[in-house]
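Step one of this worksheet: look at the structure below.
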Amino acid sequence: MNRHSLAILEFDLVRDALGKRSATPYGKGLAAALAPSSSAEVVAERQELTAEARTLLESGVRLDLGLEHEVRGPLELLRDQGALLEPTALLALSRHLFIARQAKSSVTVRRDEVPGLARLAGGLTAFKELEERIDRSIEPDGRIADRASPELFRVRKEQDVARGRIRDKLDAMIGEHSSSLQENIVTLREGRYVIPVRSEAKGRIKGIVHDTSASGATVFVEPLATVELNNRLRELQSAEQHELERILQAFSAEVQQHCDALLRNIDLIGQLDLLFAQAQLALDWRCVRPVACATRYLRLSQARHPALADPVPLDIEFGDGKTLLVITGPNTGGKTVVLKTVGLLALMHQSGLQVPAGDGSTLPLFDDVYCDIGDEQSIAQSLSTFSSHVRQVAAILEAVTPASLVLLDEVGVGTEPAEGSALAIAVLSDLAERGPLTLSTTHYGALKAFVQDHPAMRNAAMEFDRANLVPTYRLRLGVPGSSYGIEIASRLGVPQRVIEAARARIDAKSTELESLLAQMEQARREMEQKQREAAEQLDRAERIRGEYEGKVKGVKEELRGLKARAEAEAAEVLARARSAAELAVAAIKSEQASKQSIRGARELLRDTERAILTPEHESGRQPERGAFDPGHRFAVGDAVFVASIGKEGVVEVPPDGGGKLKVQVGGVRMSLKRGDVRMLGPKTFELSAVNVAGADGETSFPMELHLLGYHAEEALEKLDQYLDQAVLLGIGQVRIVHGKGTGVLRKVVKEALARDKRVRSFRLGEWNEGQDGVTVAELK
């Protein structure tokens, strides 16, 4: 992309915004050098990486990329010249190593979500052991720590001891010769410990004079008694310096081996930093990723120039046949802002940035963006406004291709209007034939008329509120606009006599054209107002329809609910009837059934039939008796009233986990829900039994064995005795009630029946027999 367009379209505004959001000097450098690309592959890759970085930011993933100091220079010197790395450079390198390691880990673990970023971060090299050794060896203030090496630790400890001995010796001498001293202190001169002695008393203390005060009143003497101690301290300090140099040389030699990988890390850190800055910019500016278009078609929805604090969103669309759009309208109406917005967003897109616009915005790929915007006259080159414009237009016509974007502001301006209009028509006609997407602004009436009849051109206008004489900054496609120059002059205070004189000098055709344009604008506004009113009425109608549809839906749902409840109640009644019928038939068919059981079954069937077929208010059924207590715990033998058939019965099997219980009514057992029965009293009936003819006459034998409440051993003993009696009496089928509970009794009964030779087969109860709370056994 040519530098002239980047400057005119203020691309540096974007670069600066990215630099402020970059966390490293490398990212800031890349932001400052960012430039659009004309390669479709490069643009697509950049856009994808920016979108992935935004995905991470939106999901709360942020990389710690903060760097204060760069190390590219020291590393390049080390690689090329073998220079020694200073402690501060090593500290900065450790920070780089940490960032590289953390970034690689944080991004690559999300490779399914951000594959492009993961590939980029995968190129980072981690040196965790080197990073930890640097942190261990260098203090945050840049001082090499005692723990950097055993030798350094030893030398510094000996230095502490030597300093202590020197101070002790000097403190003793200060006590002996205090009258000869200027001050009772120990100080340093040339790296050696000395005491301040008054000049007239220097002969009293034997030693080496290292310095004299500015006034000459004090000499700084190293007593002979501490010379050897000071010499030893200097030797230790020299040993320390040699060890520090050795440590730095060792680190530098190790780092030198990995310089290429470390410099590659720096490049990748900079790229990641820039990508996350681009993603943050997209969030801050409310950007979208534009749709890439392979044809010459441009569409921007709700586009905004980032330099404007409160811009009026721009909607613009042209291309694919209509490749040239000419915008007219008043001065300060926003025409130039339209050109700059379109141009800047095109540059942002091809730099891999998302653009401040709405969803669905579409941008083609341009091989270059050419623009002539603003006054570029040059006094130094003796160029007038017209000359500078013409020179720029000539350069554009020379370089443009069908894949270019051309932005021309006031083409042909700066000369006599007739010549300028003719030149503008000629320039735009040439561009229309060559095919680049072109945006141009004008005030020339002849150009507006020419564009209206040209098949490749289209008019557009900046809207103007004529009633208030202020621009609205909204672009209207398809119609030309007026300049409103005289109206604006009137509003700005030009005397009315001058305004009238100006109007009188406008030729009739121009006046007629301007009047026609004004009428078209007024008609368009009235049409839009009517459209808005119609839309509001339609919205109200839709809301009313929605309310009534909601009410109808509610009624239908209520009817469905009533029907569902009725069907459920009917199904429940039928289920009880079916249960009663099956039990009655079984009792009647049984060879052991007594006459009393048969009569009870028949009576129960008749009562059930009446309960199903006869409405309750016509049945003459007696009111329900007994109390309904949802918390009552039914026990075997409890007297109950069955509300559905108006009969009394006795509980044979207490409620199971599903709330079902067995009730004997006459000679028939019924499976009922807990809510179908009412409590009459405890244990007023005996359990049902079958009268069996035996050797000693009729014997009453219970058809069920209740094991609830028994331990396993007791239950097995009861079961064995019960089966003995049943077999002796010739009973073919029995029911063992063990309940559901934890399932222990059921398992014990199952295992016992499986082993018992008296049992032909066994099964769990059906839905009307107690289900898995009962086992039914067939005996041999």
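If you're wondering about the labels, chains in the structure tokens are A, B, ... by order shown, residues count from 1 in each chain, ligands from 1 in order shown.
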Could you give me, as a PyMOL selection string, the residues within 12 Å of Gln278 (chain A), counting only C-alpha atoms and dropping anything in the same chain fewer than 6 positions from it? chain A and resi 14-23+27-28+30-31+34+46-55+57+271-272+284-289+348-349+351-355
Go ahead and write the residues just picked, C-alpha atoms, as an mmCIF file, in the first residue's frame.
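To be explicit, this is the file written out as again-v3.cif:
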data_model
loop_
_atom_site.group_PDB
_atom_site.id
_atom_site.type_symbol
_atom_site.label_atom_id
_atom_site.label_comp_id
_atom_site.auth_asym_id
_atom_site.auth_seq_id
_atom_site.Cartn_x
_atom_site.Cartn_y
_atom_site.Cartn_z
ATOM 1 C CA VAL A 14 -4.846 2.794 14.303
ATOM 2 C CA ARG A 15 -1.152 2.079 14.835
ATOM 3 C CA ASP A 16 -1.065 4.344 17.901
ATOM 4 C CA ALA A 17 -4.167 2.681 19.346
ATOM 5 C CA LEU A 18 -2.546 -0.737 18.927
ATOM 6 C CA GLY A 19 0.709 0.467 20.481
ATOM 7 C CA LYS A 20 -1.141 1.645 23.593
ATOM 8 C CA ARG A 21 -2.690 -1.807 23.957
ATOM 9 C CA SER A 22 0.601 -3.685 23.469
ATOM 10 C CA ALA A 23 2.390 -4.976 26.556
ATOM 11 C CA GLY A 27 4.516 -5.651 20.116
ATOM 12 C CA LYS A 28 4.717 -1.853 20.116
ATOM 13 C CA LEU A 30 5.200 -4.328 15.259
ATOM 14 C CA ALA A 31 2.191 -2.051 15.797
ATOM 15 C CA LEU A 34 1.848 -2.506 10.725
ATOM 16 C CA ARG A 46 -4.295 -12.406 9.957
ATOM 17 C CA GLN A 47 -8.064 -12.079 10.301
ATOM 18 C CA GLU A 48 -8.356 -15.630 11.637
ATOM 19 C CA LEU A 49 -5.626 -15.086 14.230
ATOM 20 C CA THR A 50 -7.237 -11.835 15.392
ATOM 21 C CA ALA A 51 -10.601 -13.602 15.702
ATOM 22 C CA GLU A 52 -9.016 -16.415 17.749
ATOM 23 C CA ALA A 53 -7.310 -13.937 20.092
ATOM 24 C CA ARG A 54 -10.655 -12.191 20.563
ATOM 25 C CA THR A 55 -12.255 -15.543 21.366
ATOM 26 C CA LEU A 57 -10.258 -12.553 25.551
ATOM 27 C CA GLN A 271 3.443 -11.355 17.320
ATOM 28 C CA LEU A 272 1.261 -12.708 20.126
ATOM 29 C CA ASP A 284 -12.931 -1.529 22.619
ATOM 30 C CA TRP A 285 -14.095 -0.213 19.235
ATOM 31 C CA ARG A 286 -17.000 -2.720 18.946
ATOM 32 C CA CYS A 287 -15.621 -4.177 15.739
ATOM 33 C CA VAL A 288 -16.708 -7.098 13.585
ATOM 34 C CA ARG A 289 -14.815 -9.348 11.244
ATOM 35 C CA MET A 348 -7.754 -2.054 8.677
ATOM 36 C CA HIS A 349 -9.308 -5.130 7.065
ATOM 37 C CA SER A 351 -4.002 -5.356 8.025
ATOM 38 C CA GLY A 352 -5.767 -8.235 9.771
ATOM 39 C CA LEU A 353 -7.884 -5.972 11.972
ATOM 40 C CA GLN A 354 -11.587 -6.198 12.592
ATOM 41 C CA VAL A 355 -13.491 -3.054 11.586
#
Would you give me, as a list in words, the residues in region 314-383 of chain A that DSSP reads as strand (DSSP E or B)? Leu314, Asp315, Ile316, Glu317, Phe318, Gly319, Lys322, Leu324, Leu325, Val326, Ile327, Thr328, Val355, Thr362, Leu363, Pro364, Val369, Tyr370, Cys371, Asp372, Ser378 and Leu383 of chain A
Given the selection you just returned, output its residues as a file containing N, CA, C and O atoms, formatted as a PDB file, in the first residue's frame.
ATOM      1  N   LEU A 314     -22.534   4.934   9.330  1.00  0.00           N
ATOM      2  CA  LEU A 314     -22.577   5.023   7.881  1.00  0.00           C
ATOM      3  C   LEU A 314     -23.055   3.700   7.291  1.00  0.00           C
ATOM      4  O   LEU A 314     -22.514   2.637   7.615  1.00  0.00           O
ATOM      5  N   ASP A 315     -24.047   3.770   6.396  1.00  0.00           N
ATOM      6  CA  ASP A 315     -24.493   2.618   5.622  1.00  0.00           C
ATOM      7  C   ASP A 315     -24.217   2.928   4.158  1.00  0.00           C
ATOM      8  O   ASP A 315     -24.762   3.891   3.601  1.00  0.00           O
ATOM      9  N   ILE A 316     -23.378   2.133   3.529  1.00  0.00           N
ATOM     10  CA  ILE A 316     -23.001   2.387   2.137  1.00  0.00           C
ATOM     11  C   ILE A 316     -22.856   1.052   1.423  1.00  0.00           C
ATOM     12  O   ILE A 316     -22.412   0.056   2.008  1.00  0.00           O
ATOM     13  N   GLU A 317     -23.206   1.051   0.125  1.00  0.00           N
ATOM     14  CA  GLU A 317     -23.170  -0.191  -0.641  1.00  0.00           C
ATOM     15  C   GLU A 317     -23.029   0.158  -2.117  1.00  0.00           C
ATOM     16  O   GLU A 317     -23.809   0.945  -2.657  1.00  0.00           O
ATOM     17  N   PHE A 318     -22.008  -0.392  -2.772  1.00  0.00           N
ATOM     18  CA  PHE A 318     -21.868  -0.225  -4.215  1.00  0.00           C
ATOM     19  C   PHE A 318     -20.900  -1.266  -4.744  1.00  0.00           C
ATOM     20  O   PHE A 318     -20.180  -1.926  -3.983  1.00  0.00           O
ATOM     21  N   GLY A 319     -20.893  -1.440  -6.076  1.00  0.00           N
ATOM     22  CA  GLY A 319     -20.042  -2.432  -6.708  1.00  0.00           C
ATOM     23  C   GLY A 319     -20.853  -3.410  -7.535  1.00  0.00           C
ATOM     24  O   GLY A 319     -22.093  -3.330  -7.622  1.00  0.00           O
ATOM     25  N   LYS A 322     -22.272  -1.282 -10.569  1.00  0.00           N
ATOM     26  CA  LYS A 322     -22.229   0.132 -10.189  1.00  0.00           C
ATOM     27  C   LYS A 322     -20.948   0.364  -9.391  1.00  0.00           C
ATOM     28  O   LYS A 322     -20.936   0.367  -8.161  1.00  0.00           O
ATOM     29  N   LEU A 324     -18.899   2.998  -9.384  1.00  0.00           N
ATOM     30  CA  LEU A 324     -18.495   4.366  -9.072  1.00  0.00           C
ATOM     31  C   LEU A 324     -19.653   5.092  -8.402  1.00  0.00           C
ATOM     32  O   LEU A 324     -20.759   5.149  -8.947  1.00  0.00           O
ATOM     33  N   LEU A 325     -19.406   5.616  -7.217  1.00  0.00           N
ATOM     34  CA  LEU A 325     -20.426   6.305  -6.432  1.00  0.00           C
ATOM     35  C   LEU A 325     -20.000   7.749  -6.239  1.00  0.00           C
ATOM     36  O   LEU A 325     -18.893   8.023  -5.760  1.00  0.00           O
ATOM     37  N   VAL A 326     -20.866   8.685  -6.637  1.00  0.00           N
ATOM     38  CA  VAL A 326     -20.589  10.120  -6.514  1.00  0.00           C
ATOM     39  C   VAL A 326     -21.493  10.696  -5.428  1.00  0.00           C
ATOM     40  O   VAL A 326     -22.718  10.577  -5.496  1.00  0.00           O
ATOM     41  N   ILE A 327     -20.864  11.307  -4.416  1.00  0.00           N
ATOM     42  CA  ILE A 327     -21.598  11.827  -3.264  1.00  0.00           C
ATOM     43  C   ILE A 327     -21.681  13.341  -3.349  1.00  0.00           C
ATOM     44  O   ILE A 327     -20.662  14.025  -3.536  1.00  0.00           O
ATOM     45  N   THR A 328     -22.882  13.864  -3.240  1.00  0.00           N
ATOM     46  CA  THR A 328     -23.095  15.300  -3.230  1.00  0.00           C
ATOM     47  C   THR A 328     -23.713  15.710  -1.912  1.00  0.00           C
ATOM     48  O   THR A 328     -24.164  14.868  -1.129  1.00  0.00           O
ATOM     49  N   VAL A 355     -13.146  -4.438  11.924  1.00  0.00           N
ATOM     50  CA  VAL A 355     -13.491  -3.054  11.586  1.00  0.00           C
ATOM     51  C   VAL A 355     -14.671  -2.581  12.425  1.00  0.00           C
ATOM     52  O   VAL A 355     -15.564  -3.373  12.762  1.00  0.00           O
ATOM     53  N   THR A 362     -19.179  -6.110   4.292  1.00  0.00           N
ATOM     54  CA  THR A 362     -18.430  -6.882   3.299  1.00  0.00           C
ATOM     55  C   THR A 362     -17.397  -5.997   2.629  1.00  0.00           C
ATOM     56  O   THR A 362     -17.703  -4.864   2.214  1.00  0.00           O
ATOM     57  N   LEU A 363     -16.169  -6.516   2.534  1.00  0.00           N
ATOM     58  CA  LEU A 363     -15.094  -5.757   1.900  1.00  0.00           C
ATOM     59  C   LEU A 363     -14.344  -6.656   0.917  1.00  0.00           C
ATOM     60  O   LEU A 363     -13.971  -7.781   1.268  1.00  0.00           O
ATOM     61  N   PRO A 364     -14.114  -6.171  -0.309  1.00  0.00           N
ATOM     62  CA  PRO A 364     -13.264  -6.935  -1.233  1.00  0.00           C
ATOM     63  C   PRO A 364     -11.795  -6.724  -0.888  1.00  0.00           C
ATOM     64  O   PRO A 364     -11.455  -5.896  -0.035  1.00  0.00           O
ATOM     65  N   VAL A 369      -4.929   1.220  -2.328  1.00  0.00           N
ATOM     66  CA  VAL A 369      -5.923   2.261  -2.084  1.00  0.00           C
ATOM     67  C   VAL A 369      -5.296   3.591  -2.479  1.00  0.00           C
ATOM     68  O   VAL A 369      -4.229   3.962  -1.977  1.00  0.00           O
ATOM     69  N   TYR A 370      -5.950   4.291  -3.415  1.00  0.00           N
ATOM     70  CA  TYR A 370      -5.452   5.576  -3.891  1.00  0.00           C
ATOM     71  C   TYR A 370      -6.429   6.667  -3.475  1.00  0.00           C
ATOM     72  O   TYR A 370      -7.655   6.491  -3.583  1.00  0.00           O
ATOM     73  N   CYS A 371      -5.911   7.774  -2.985  1.00  0.00           N
ATOM     74  CA  CYS A 371      -6.815   8.834  -2.556  1.00  0.00           C
ATOM     75  C   CYS A 371      -6.239  10.210  -2.842  1.00  0.00           C
ATOM     76  O   CYS A 371      -5.013  10.424  -2.820  1.00  0.00           O
ATOM     77  N   ASP A 372      -7.146  11.130  -3.120  1.00  0.00           N
ATOM     78  CA  ASP A 372      -6.828  12.548  -3.242  1.00  0.00           C
ATOM     79  C   ASP A 372      -7.864  13.278  -2.400  1.00  0.00           C
ATOM     80  O   ASP A 372      -8.987  13.529  -2.837  1.00  0.00           O
ATOM     81  N   SER A 378       1.463  23.165  -2.058  1.00  0.00           N
ATOM     82  CA  SER A 378       2.830  23.310  -1.543  1.00  0.00           C
ATOM     83  C   SER A 378       3.405  24.643  -1.995  1.00  0.00           C
ATOM     84  O   SER A 378       3.573  24.891  -3.195  1.00  0.00           O
ATOM     85  N   LEU A 383       3.021  24.950  -5.928  1.00  0.00           N
ATOM     86  CA  LEU A 383       1.842  24.219  -6.381  1.00  0.00           C
ATOM     87  C   LEU A 383       0.603  24.844  -5.768  1.00  0.00           C
ATOM     88  O   LEU A 383       0.505  24.982  -4.563  1.00  0.00           O
TER      89      LEU A 383
END
Counting only C-alpha atoms, which residue out of A:Ser761, A:Ser388, A:Gln280, A:Gln350 sits closest to Gly732 (chain A)?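 Counting only C-alpha atoms, the residue closest to Gly732 (chain A) is A:Ser761.
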Write out as a PyMOL selection string the set of residues from region 287-488 of chain A that DSSP, computed on the backbone, places in alpha helix (DSSP H). chain A and resi 335-350+385-399+417-434+445-453+485-488
Could you dump the residues just selected with C-alpha atoms as an mmCIF file, in the first residue's frame?
data_model
loop_
_atom_site.group_PDB
_atom_site.id
_atom_site.type_symbol
_atom_site.label_atom_id
_atom_site.label_comp_id
_atom_site.auth_asym_id
_atom_site.auth_seq_id
_atom_site.Cartn_x
_atom_site.Cartn_y
_atom_site.Cartn_z
ATOM 1 C CA LYS A 335 -18.804 13.783 2.506
ATOM 2 C CA THR A 336 -15.102 13.673 3.313
ATOM 3 C CA VAL A 337 -15.784 11.609 6.453
ATOM 4 C CA VAL A 338 -17.485 9.009 4.235
ATOM 5 C CA LEU A 339 -14.373 8.759 2.025
ATOM 6 C CA LYS A 340 -12.024 8.482 4.990
ATOM 7 C CA THR A 341 -14.222 5.949 6.791
ATOM 8 C CA VAL A 342 -14.397 3.641 3.767
ATOM 9 C CA GLY A 343 -10.667 3.986 3.076
ATOM 10 C CA LEU A 344 -9.541 3.481 6.677
ATOM 11 C CA LEU A 345 -11.762 0.425 7.190
ATOM 12 C CA ALA A 346 -10.401 -1.102 3.983
ATOM 13 C CA LEU A 347 -6.844 -0.596 5.270
ATOM 14 C CA MET A 348 -7.754 -2.054 8.677
ATOM 15 C CA HIS A 349 -9.308 -5.130 7.065
ATOM 16 C CA GLN A 350 -6.223 -5.842 4.961
ATOM 17 C CA THR A 385 -4.621 23.724 -4.787
ATOM 18 C CA PHE A 386 -5.697 22.874 -8.314
ATOM 19 C CA SER A 387 -2.176 21.881 -9.380
ATOM 20 C CA SER A 388 -1.651 19.596 -6.395
ATOM 21 C CA HIS A 389 -5.011 17.889 -7.028
ATOM 22 C CA VAL A 390 -4.327 17.408 -10.714
ATOM 23 C CA ARG A 391 -0.847 15.988 -10.068
ATOM 24 C CA GLN A 392 -2.292 13.503 -7.562
ATOM 25 C CA VAL A 393 -5.127 12.487 -9.901
ATOM 26 C CA ALA A 394 -2.638 11.979 -12.730
ATOM 27 C CA ALA A 395 -0.585 9.643 -10.535
ATOM 28 C CA ILE A 396 -3.730 7.712 -9.616
ATOM 29 C CA LEU A 397 -4.809 7.309 -13.244
ATOM 30 C CA GLU A 398 -1.333 6.035 -14.046
ATOM 31 C CA ALA A 399 -1.242 3.376 -11.309
ATOM 32 C CA PRO A 417 -16.498 25.610 -12.759
ATOM 33 C CA ALA A 418 -17.226 24.688 -16.371
ATOM 34 C CA GLU A 419 -13.676 23.397 -16.909
ATOM 35 C CA GLY A 420 -13.600 21.718 -13.535
ATOM 36 C CA SER A 421 -16.911 19.969 -14.213
ATOM 37 C CA ALA A 422 -15.726 18.787 -17.625
ATOM 38 C CA LEU A 423 -12.464 17.519 -16.146
ATOM 39 C CA ALA A 424 -14.328 15.698 -13.361
ATOM 40 C CA ILE A 425 -16.645 13.998 -15.877
ATOM 41 C CA ALA A 426 -13.669 12.901 -17.967
ATOM 42 C CA VAL A 427 -11.700 11.543 -14.980
ATOM 43 C CA LEU A 428 -14.666 9.617 -13.565
ATOM 44 C CA SER A 429 -15.592 8.254 -17.001
ATOM 45 C CA ASP A 430 -12.057 6.913 -17.424
ATOM 46 C CA LEU A 431 -12.203 5.255 -13.982
ATOM 47 C CA ALA A 432 -15.634 3.779 -14.721
ATOM 48 C CA GLU A 433 -14.271 2.158 -17.882
ATOM 49 C CA ARG A 434 -11.210 0.742 -16.082
ATOM 50 C CA GLY A 445 -24.583 20.090 -10.950
ATOM 51 C CA ALA A 446 -23.570 18.865 -14.409
ATOM 52 C CA LEU A 447 -21.711 15.945 -12.858
ATOM 53 C CA LYS A 448 -24.798 14.916 -10.892
ATOM 54 C CA ALA A 449 -26.859 14.751 -14.087
ATOM 55 C CA PHE A 450 -24.104 12.866 -15.906
ATOM 56 C CA VAL A 451 -23.841 10.252 -13.163
ATOM 57 C CA GLN A 452 -27.598 9.707 -13.131
ATOM 58 C CA ASP A 453 -27.524 8.509 -16.749
ATOM 59 C CA GLY A 485 -24.680 27.058 -0.207
ATOM 60 C CA ILE A 486 -26.982 30.106 -0.264
ATOM 61 C CA GLU A 487 -29.134 28.716 2.574
ATOM 62 C CA ILE A 488 -26.073 28.078 4.730
#
Which of these residues is nearest to Val43 (chain A), using only C-alpha atoms: A:Val400, A:Leu365, A:Leu13, A:Leu477? A:Leu365
